[in-house]
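Right, one structure below, let's go through it.
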Amino acid sequence: MASQIHFLDIKGKPLLSRDYKGDIPSNTIDKFPLLLLELENSHEDGDYKPFINSQGINYIYINHNNLYLCALSRKNENIMAIIIFLSKLIEVLTQYFKSLEEESIRDNFVVIYELLDEMMDFGVPQTTDTKILKEYITQDYYKLVKKSADHLVQPPQAVTNAVSWRKDGIHYKKNEAFLDVVESINMLINASGQVLNSEILGEVKVKSHLSGMPDLRLGLNDKGIFTSPNADEEAGSSSAGQTNNKGIEMEDIKFHQCVRLSKFENERIITFIPPDGEFTVMSYRLSAAQFLMKPLILVQCKTKVHKHSRIEILCSVKAQIKKKSTANNVEVIIPIPEDADTPKFTPEYGTVKWIPEKSHIVWKLKTFPGGKQFHMRAELGLPAVTDPEEILSSNKKPIKVNFSIPYFTTSGIQVRYLRINEPKLQYQSYPWVRYITQSGDDYTVRTK
Amino acid sequence: MGSLKSFIKAVRKAKTIADERAVVRKESAAIRTSFRDATLDQTTRRINISKLLYLYIMGEKTHFGQVECLKVLASPRFADKRLGYLATMLFLDENQEVLTLLTNSLDNDMQHPNAFIVGLALCCLGNIASPELARDLYTNVEKIITTNNTYLRKKACIVAAKLVEKDPDLSEFFLQKIPQLISDKQPAPLLGASKLIQSLYYASEENRPALIKTIPSIVAHLKRVTTSGYMPDYDVMGTTDPFLQVSLLSTLRILATDEQCPAEYLEQVNDILTQVASNLESGKNAAHAILYECVKSIFAIQSDQSLKILGVNILGKFLSTKDNNTRYVALDTLLSVINIEPLAVQRHRSTIVSCLSDGDISIRRRALELSFAILNDQNIRVLAREILVFLEGSADSELKPYATSQLVIAASKYSPNDKWHFDTLIRMLKVAGNYVTSDILSNILALILQCNDGELKKHAVTKLLSSCLEDMSQFSLSLITIWAVGEYGDIVLGSNIEVNGKQVLVDEKKILQLIDDLINNSTYSENENVQLISYILTSILKLSIKFKDSQSIEKLRLMLNSRTYDSNLEIQIRAVEYQEIFAQDAKLKKGLLARMPAPPVKERESLSLNNSSNKKT
Amino acid sequence: MAVQFLFLLSRQGKVRLSKWYQALSQKEKSKRTRELTTLILARRAKMCNVLEYKEMKVVYRRYASLFFIVGVESGDNELIALELIHRFVEQMDKMYGNVCELDIIFGFEKAYHILDELLLDGVIQESSKKEVLKRVAQQDELENMDEFDNILA
Amino acid sequence: MSLEKRIRNFLKGPKKGETFELKSGLVSQYKGERKDAIQRVIQAMTVGKDVSALFPDVLKNIATYDLEQKKLVYLYLMNYAKTHPELCILAVNTFVQDTEDPNPLIRALAIRTMGCIRVSKMVDYMEIPLLRTLKDDNPYVRKTAAICVAKLFDLNPEMCVEFGFLDLLKALLKDPNPMVIANSLNALYEIKDMNKDPNLDVLPITQDLIKNLLTCLNECTEWGRISILTTLTDYHTSNVEEVNHIIERVIPQLQHVNPSVVLSSIKTIIHHLDVIPSQAQRSTILKKLSSPLVSLVSSSIPEAQYVGLKNIRIILEKYPQILSKELRVFFIRYSDPLYLKLEKLEIMIRLCNEHNSSLLLSELKEYAMEFEPALVLKSIRSIGSVGINLISCVVKSINLLGDLIDQRGGDLIINEAVIVLTNILRRYPGKNDLITLVIPIISNHIQELEKSEALSGYIWLLGEYPKYFSGLKEKLSSLLEGFLEYESSLQLNILTTIVKVNLKVPGQAYSGLLQKVLELTTKECENADVRDKAYLYWRLLSSSSDDSQQKVILSKLPPIKSTVSSFNPNVLEILIQELSTMSSVFHKPAFTFIESPKATEKKRAG
């Protein structure tokens, strides 16, 4: 799939490389910085593409933490697979080293080479599951390596098993499973408080502390899921993406690879052997139009710029949720010009902080009871000499809002049951469920 | 807020670019806020400015510190002034509005009893003077330029040069100082005077006669420097003051190339160039720098034959050195020699050609431009071949439009015969058809139109056709082919051509196939496609009277028809008009579509590489 | 010859000192710096030290971990530009006593002081090796006297 | 010592010392030191230093029980094998031994590395170990050996076939382990790409194979699934039952969390879809694709989103209804990189219909107020497209464009708006109300027109609606100044317009201009295309009847249908077949930018 994989710094200089196939000259990557430069120059025309084809070589790369991961290939490869592989590589390395950046690459080159060897062979992706890789590629060999060959670390069975995500022989004294149903709300609100677009991104997360090879069955109150596709054949369409009178319309359900997809497709049953520890068993997306007519947290903001001297901001925030609910850790992030100074804040409630490196101010409200409204005034200085490059840009930047509301899902989805069955061990087990609604990455209010 | 040192350390400690940005932005914010503090002590102010300097080096914004710099340099203390001026020169340029606030400080400081403070103000003015500042402050400079203090005089000269550049009307005040300035024997003021002479020379033609009169003095200075013994302070690897020598030589060149330069002066210049060039021992960069400057002068002024030979020999030596920089400047200089000593340059042809495949783009650029410069009717076959090799093999897409244009121009001038001419152009289209400018493309089509030899025309069109059938990825080749097929379809129909080693009969089907492939399988940019389709439409119309088979003709009509809704205006207009013509009676059509008369022959001037690179449409 | 700009670049591509003798916007300066950084770092050691860039010539030279880069007009003498770079390096070496990258990072003001005595508006103003350093040292002393005055006052 | 020398010494000094130090470390009597030295050698190799000189010393450390050290030595061998082919052979014994090691990890490592040592002599030693490992009890070893067959083929195809490795590999497609099957499949694909022997059928896709793969699909890792899906797409059948079976098995994969599995599944389904005879059934299946398609845009990796969008655009052209309700998903986020924003606009404009048009227009207005020029321009274009697609929106679009010019102005916006406005009039020709709305906007900004497309539009309007412009003659004659400097497209436009005006306006008022433009284009102009057109007009005007002149020159342009670009049908078909590949993001068929293996071979040799 890929002939070579490179880790490069932000300027395109290689940090670490692996050649899998030998069909591309090894100095080819040296052209990358120049190609990047050419691309950057075309950026303003919108000609930029995250892929380059130059002299018969395809450069496919993704950007992460000021690093480039780049795959080279001569063929018309499956580019989506390559990109996802590269992102998996980032994911695995991040789980190995906490964060992936120039320094962690330099410091861990031995392990990275080993992982590259194990994750791809002759350009074909192999194992990309960190849990399994960690079984036999460790950063701390001394614990595992014994004096003789017999005791050497072995490839875990799981690598080649049908159940490639769980090893045998896991044992817990107390068998527990924790479920978190997390719904993230993305919302685009215009300056007058109208909702332009909204969606719920839901996730059911599992933390499994279960022994043996347990088989789990998850029951939800989603009508769509539990209606068999054959039941309404006459209507000419099957259920997953279809509106149902009382049930919740889930779109775009995605399952962890442990879930038996065909079982779900045919019988609408979610069954799986879970990986050990934490993972997301399923995710879904809902168009929120049917649940959310108005913003959960409403922000209104007026900005007045006095050129060469100061900027004034008047902001109000209202929790449009049930009176008995409380929003926690509410953050209203308001963009301000890059060259502002001398902040003065007067919040009615909560605290305001200037974050100059991000060119915004953050108004934090730790707890925010439903129905309440608060105001905040801010004033910052602006330099006498205006920044020649400061265009309209910062004015158009939207306000971002973060929050979380516990004990409640916006869609109303509920876990009905989680049945745990380990055929051999037959143990007693305890499922726990929590619900939370929170802001997604993109809960934003447009400014005028 | 900590010290500068702790700030720099904090920046360096940041492990990621994001961390670094955070440290920098936070500090920048703290500095901005600190500026608002009216009670700030001078030390903190200085630290703020120093930190801003560091931000500046890192490419961060510093516009908000401009006013603060002006405040700091207005302080009476030297340390403040020094730092204030340093920062002002970096943060401000002649376009900044706050520059007017600087006038007063500069005025005061240039009259300061302390020479170093005067020096700072001069340096600042010299770096960032605007036309207004120049007019406001020239009298100060006028005064300083006659001071006895060498340190200030040398600076004042360069500042004066700058002021004259900003406002040529100020020339008169400094022109009269030249005789005195050029009689100075000290190297530094001479450097300044030399610069001032150059500026005055370019500022106004009126200045020139007076300046030319300095030639004997400059020659004398050069003589003195070259014959002086070892001067440790000015010696660079055995050469005395190469900076001064180069500066004087370049001034001399400017003055001596002036039409009004009298013959006796020219003779003096010739002599001194001979002397400088023959007395230098080459091998070291400093010496090469002077030799290089001499050679440039030798070929710029009216010089003796013997001197020219000397110059050519020096370049020959340069070309044969291992040092790439010397080789580079030699290639660069040969370009200006070509008109004066063409034969001498021709001798280096093989070296030049070999540089076309050098690993260094700087060398390749020079070699390419030189290759075209030495191209003539004697060597065109050889050189054209080399250039085609370059076009095919090289990855320098920025050089290719230049190379194709030049090749076409050169081929028009020097081609040994018409057949060779067409064959070369078609080969060029095959290897670099995506790097041909629209102007040159028209030129190639015009050449075909102008060709009166029927056999040759047929040869050209069939060759185009077979090349295009082999490879449709070269835009200009496709465009020219499709036009030629439309205009001369009758000539090629029925002939056999070779495509990828196989014999192929050119019939109506084949041509329809070609059109179809060009429309459907080509992958040109949107703009190119519009042009291609436009050409195709005209060809279709022309072919409609050349085709015999009614089915083929109907296919042509359908092709026209399918474009009558095209979102591109030009294509739509064409398709609709042509559709109407298509429906007219045969006699009228024959008249309308008779052979197109040839366009006027246009002479094209050779281009230089720098001007042509941005011309690609 | 007139220098249009000068900057010092580390092998990692970080700018260590920069001075522009042309009036350009910050954005344009950054753009040019970035482009030249990429172009120069991609060049091999054996290549010549001249690069044609926009309407000018860029002359550079590497000393240990630092690239010294100057832009000159296209008709200027590239070889004397190399000498100029070398002179600047020599003077810094004498000033700092065995100059290294760290000296310049922490003591960039000194480097600017040398530069401003060596070049004015991009034009070389002093070709004596001693004079530049002497003048910089004298001004350093003046600064110290300020401090002294300060203490007395 | 001069500065120069000192610096040179500084540069060279430590280098020599370093190599020496490494060398002595590699042959140290202490294990720890040796391992440390190997690590440092690899580190030097990583930063691009040439440490090939240490080859013999590194090689001495190959026989070790320390797995980590073994891996490092192997890594070094792979890197420098080409420069030291002879020395590599010294390692053969260790490799062969290792393939018999009791530990499957070592066996796999050895066979994997052997294949990566691209030295032709190595081939001779590979036969026995490869045969052994292909039949290994451990699936981890077998899956590694399967890939090694492809490596061997790359080195020596004849031998690979002769010794029966290809057949062994094909046999592995029936292995009980899904990972082994997937790797064998991948290896066969690689071999297929490398193969130059036309008589060699590397990967016959049979009904049996498909059956087997379908059962294996759910057992596989995500990567294995992609390989299987590829094979399913490469399979051609007209058997409806079979197709139903395939689609049935593939549909569950649309729910996979890995976007490349999802996209590959979509591709497979689309590939087989046409075989299904029932229109209703086909559209039911298509409906199931819409949610998964949308999910491609919600990936957290912008590059993956971009690939998703590019593929969606292709699929949309084939199936325009597939996402008709999904406009909002494609709304631009402020934090999106520019390339995503532009691509989202492309999708949005293709989803525009009566129901969502006013929502779309108000979004487009927001985008047109942004600061990135490319985004602003495309938004303006899109506003025009909405008006052109839907007659109900045309007045709204025009007013929006007029507002934008008034509020923001600037050459960029004006030029783009004029292009769009001209196109709107081309969509609704002859409508007086629209003409009187549009032409004043354009007339007010003639001085600012620079872009040739905008000028073209304006010039055309002069000829099409001459009555609506004041001072027509001055306007036309000003166009003739500097005529020869214009690009050919503008020259053509001016020519046409003057010819038209001449026919439209009775009398001889414009004959002077006509004379002039014909002279310029035929006598001065070199461009063959412009000359062709000029002669056509000239001959037409001088030789034909008024009637034919009118017919040809004053023929009305039929209303255009759309200004949204679409693929040429042939290209679209190819792109549909090449979904998810490089060509899907370049929107160009692979053959146009991928070199054939033959050409590649030539380059490698040369």
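Each chain in the structure tokens gets a letter, A, B, ..., in the order shown, and its residues are numbered from 1; ligands are numbered from 1 in order too.
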
Give one line per residue of chain D that approaches chain B to at most 6 Å, naming the two atoms of the closest pair and their distance in Å to one decimal, counting only C-alpha atoms; sort by chain then ascending residue number and deliver it as a tab-separated table.
```
residue	atom	partner	partner_atom	distance
D:Glu526	CA	B:Pro599	CA	5.6
D:Asn527	CA	B:Ser442	CA	4.9
D:Leu536	CA	B:Leu592	CA	5.6
D:Arg539	CA	B:Leu592	CA	5.6
D:Val552	CA	B:Glu577	CA	5.0
D:Ile560	CA	B:Tyr565	CA	5.0
D:Thr563	CA	B:Ser567	CA	5.5
```

> Taking only C-alpha atoms into account, what are the residues of chain C at most 12 Å from chain A, put as a VMD selection string?
Replying inline: chain C and resid 11 to 14 24 to 28 31 to 44

>> What are the residues of chain B lining chain A at 8 Å or less? Count only C-alpha atoms, and put the answer as JSON, numbers by chain.
In response: {"B": [15, 16, 17, 18, 21, 22, 23, 24, 25, 26, 29, 30, 32, 33, 36, 63, 64, 66, 67, 98]}

Expected file contents, prior selection, C-alpha atoms, as a CSV table (one decimal), in the first residue's frame:
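Ended up saving to selection_23.csv:
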```csv
chain,number,residue,atom,x,y,z
B,15,LYS,CA,9.5,21.4,23.6
B,16,THR,CA,6.9,21.8,20.9
B,17,ILE,CA,6.1,24.6,18.5
B,18,ALA,CA,2.8,25.1,20.3
B,21,ARG,CA,4.1,30.0,20.7
B,22,ALA,CA,2.4,30.1,24.1
B,23,VAL,CA,5.5,31.4,25.8
B,24,VAL,CA,6.1,34.0,23.2
B,25,ARG,CA,2.5,35.3,23.0
B,26,LYS,CA,2.2,35.5,26.7
B,29,ALA,CA,1.0,40.4,25.9
B,30,ALA,CA,2.8,41.2,29.2
B,32,ARG,CA,2.0,45.4,25.7
B,33,THR,CA,0.4,45.7,29.1
B,36,ARG,CA,0.5,51.2,29.5
B,63,HIS,CA,4.1,47.1,15.6
B,64,PHE,CA,2.7,47.9,19.0
B,66,GLN,CA,7.0,51.4,17.7
B,67,VAL,CA,6.0,54.3,19.8
B,98,VAL,CA,4.9,57.2,13.3
```

> If we count only C-alpha atoms, which residues of chain C reach to within 6 Å of chain B? Please list them as a PyMOL selection string.
Replying inline: chain C and resi 17-18+23+47-48+51+79-80+121+126+128-129+143

>> Given only C-alpha atoms as the basis, pick out the residue of A:Lys49, A:Lys366, A:Lys344, A:Lys205 nearest to A:Ile436.
In response: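 Looking only at the distances to A:Ile436, the closest residue turns out to be A:Lys205.
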
>> Near chain D, meaning an atom within 9 Å, which residues of chain C appear when counting only C-alpha atoms? Write them as JSON, numbers by chain.
In response: {"C": [63, 64, 65, 89, 90, 93, 98]}

> Of the residues A:Lys302, A:Arg166, A:Arg268, A:Arg260, which is the one nearest to chain D, using only C-alpha atoms?
Replying inline: A:Arg260

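Our summary of the geometry notes that atom CA of A:Trp363 is positioned 11.8 Å from atom CA of A:Leu314.
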
> How would you write, as a VMD selection string, the set of residues in stretch 140-357 of chain B that DSSP gives as helix (DSSP H, G or I)?
Replying inline: chain B and resid 140 to 144 150 to 166 168 to 175 178 to 182 187 to 203 205 to 212 215 to 227 242 to 256 263 to 279 285 to 300 305 to 320 324 to 337 342 to 346 349 to 355

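Proximity to stretch 510-514 of chain B at 9 Å, evaluated using only C-alpha atoms and with sequence-adjacent residues fewer than 5 positions away removed, yields B:Cys468, B:Leu469, B:Ile482, B:Val485, B:Gly489, B:Leu493, B:Val504, B:Leu505, B:Ile519, B:Ser552, B:Lys555, B:Leu556.
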
> Could you write out, as a ChimeraX atom specification, all the residues of chain C that DSSP marks as strand (DSSP E)?
Replying inline: /C:3-10,15-20,50-53,56-63,66-73,119-120,123-124

> In Å, how far is it from atom CA of B:Arg45 to atom CA of B:Gly2?
Replying inline: 12.2 Å
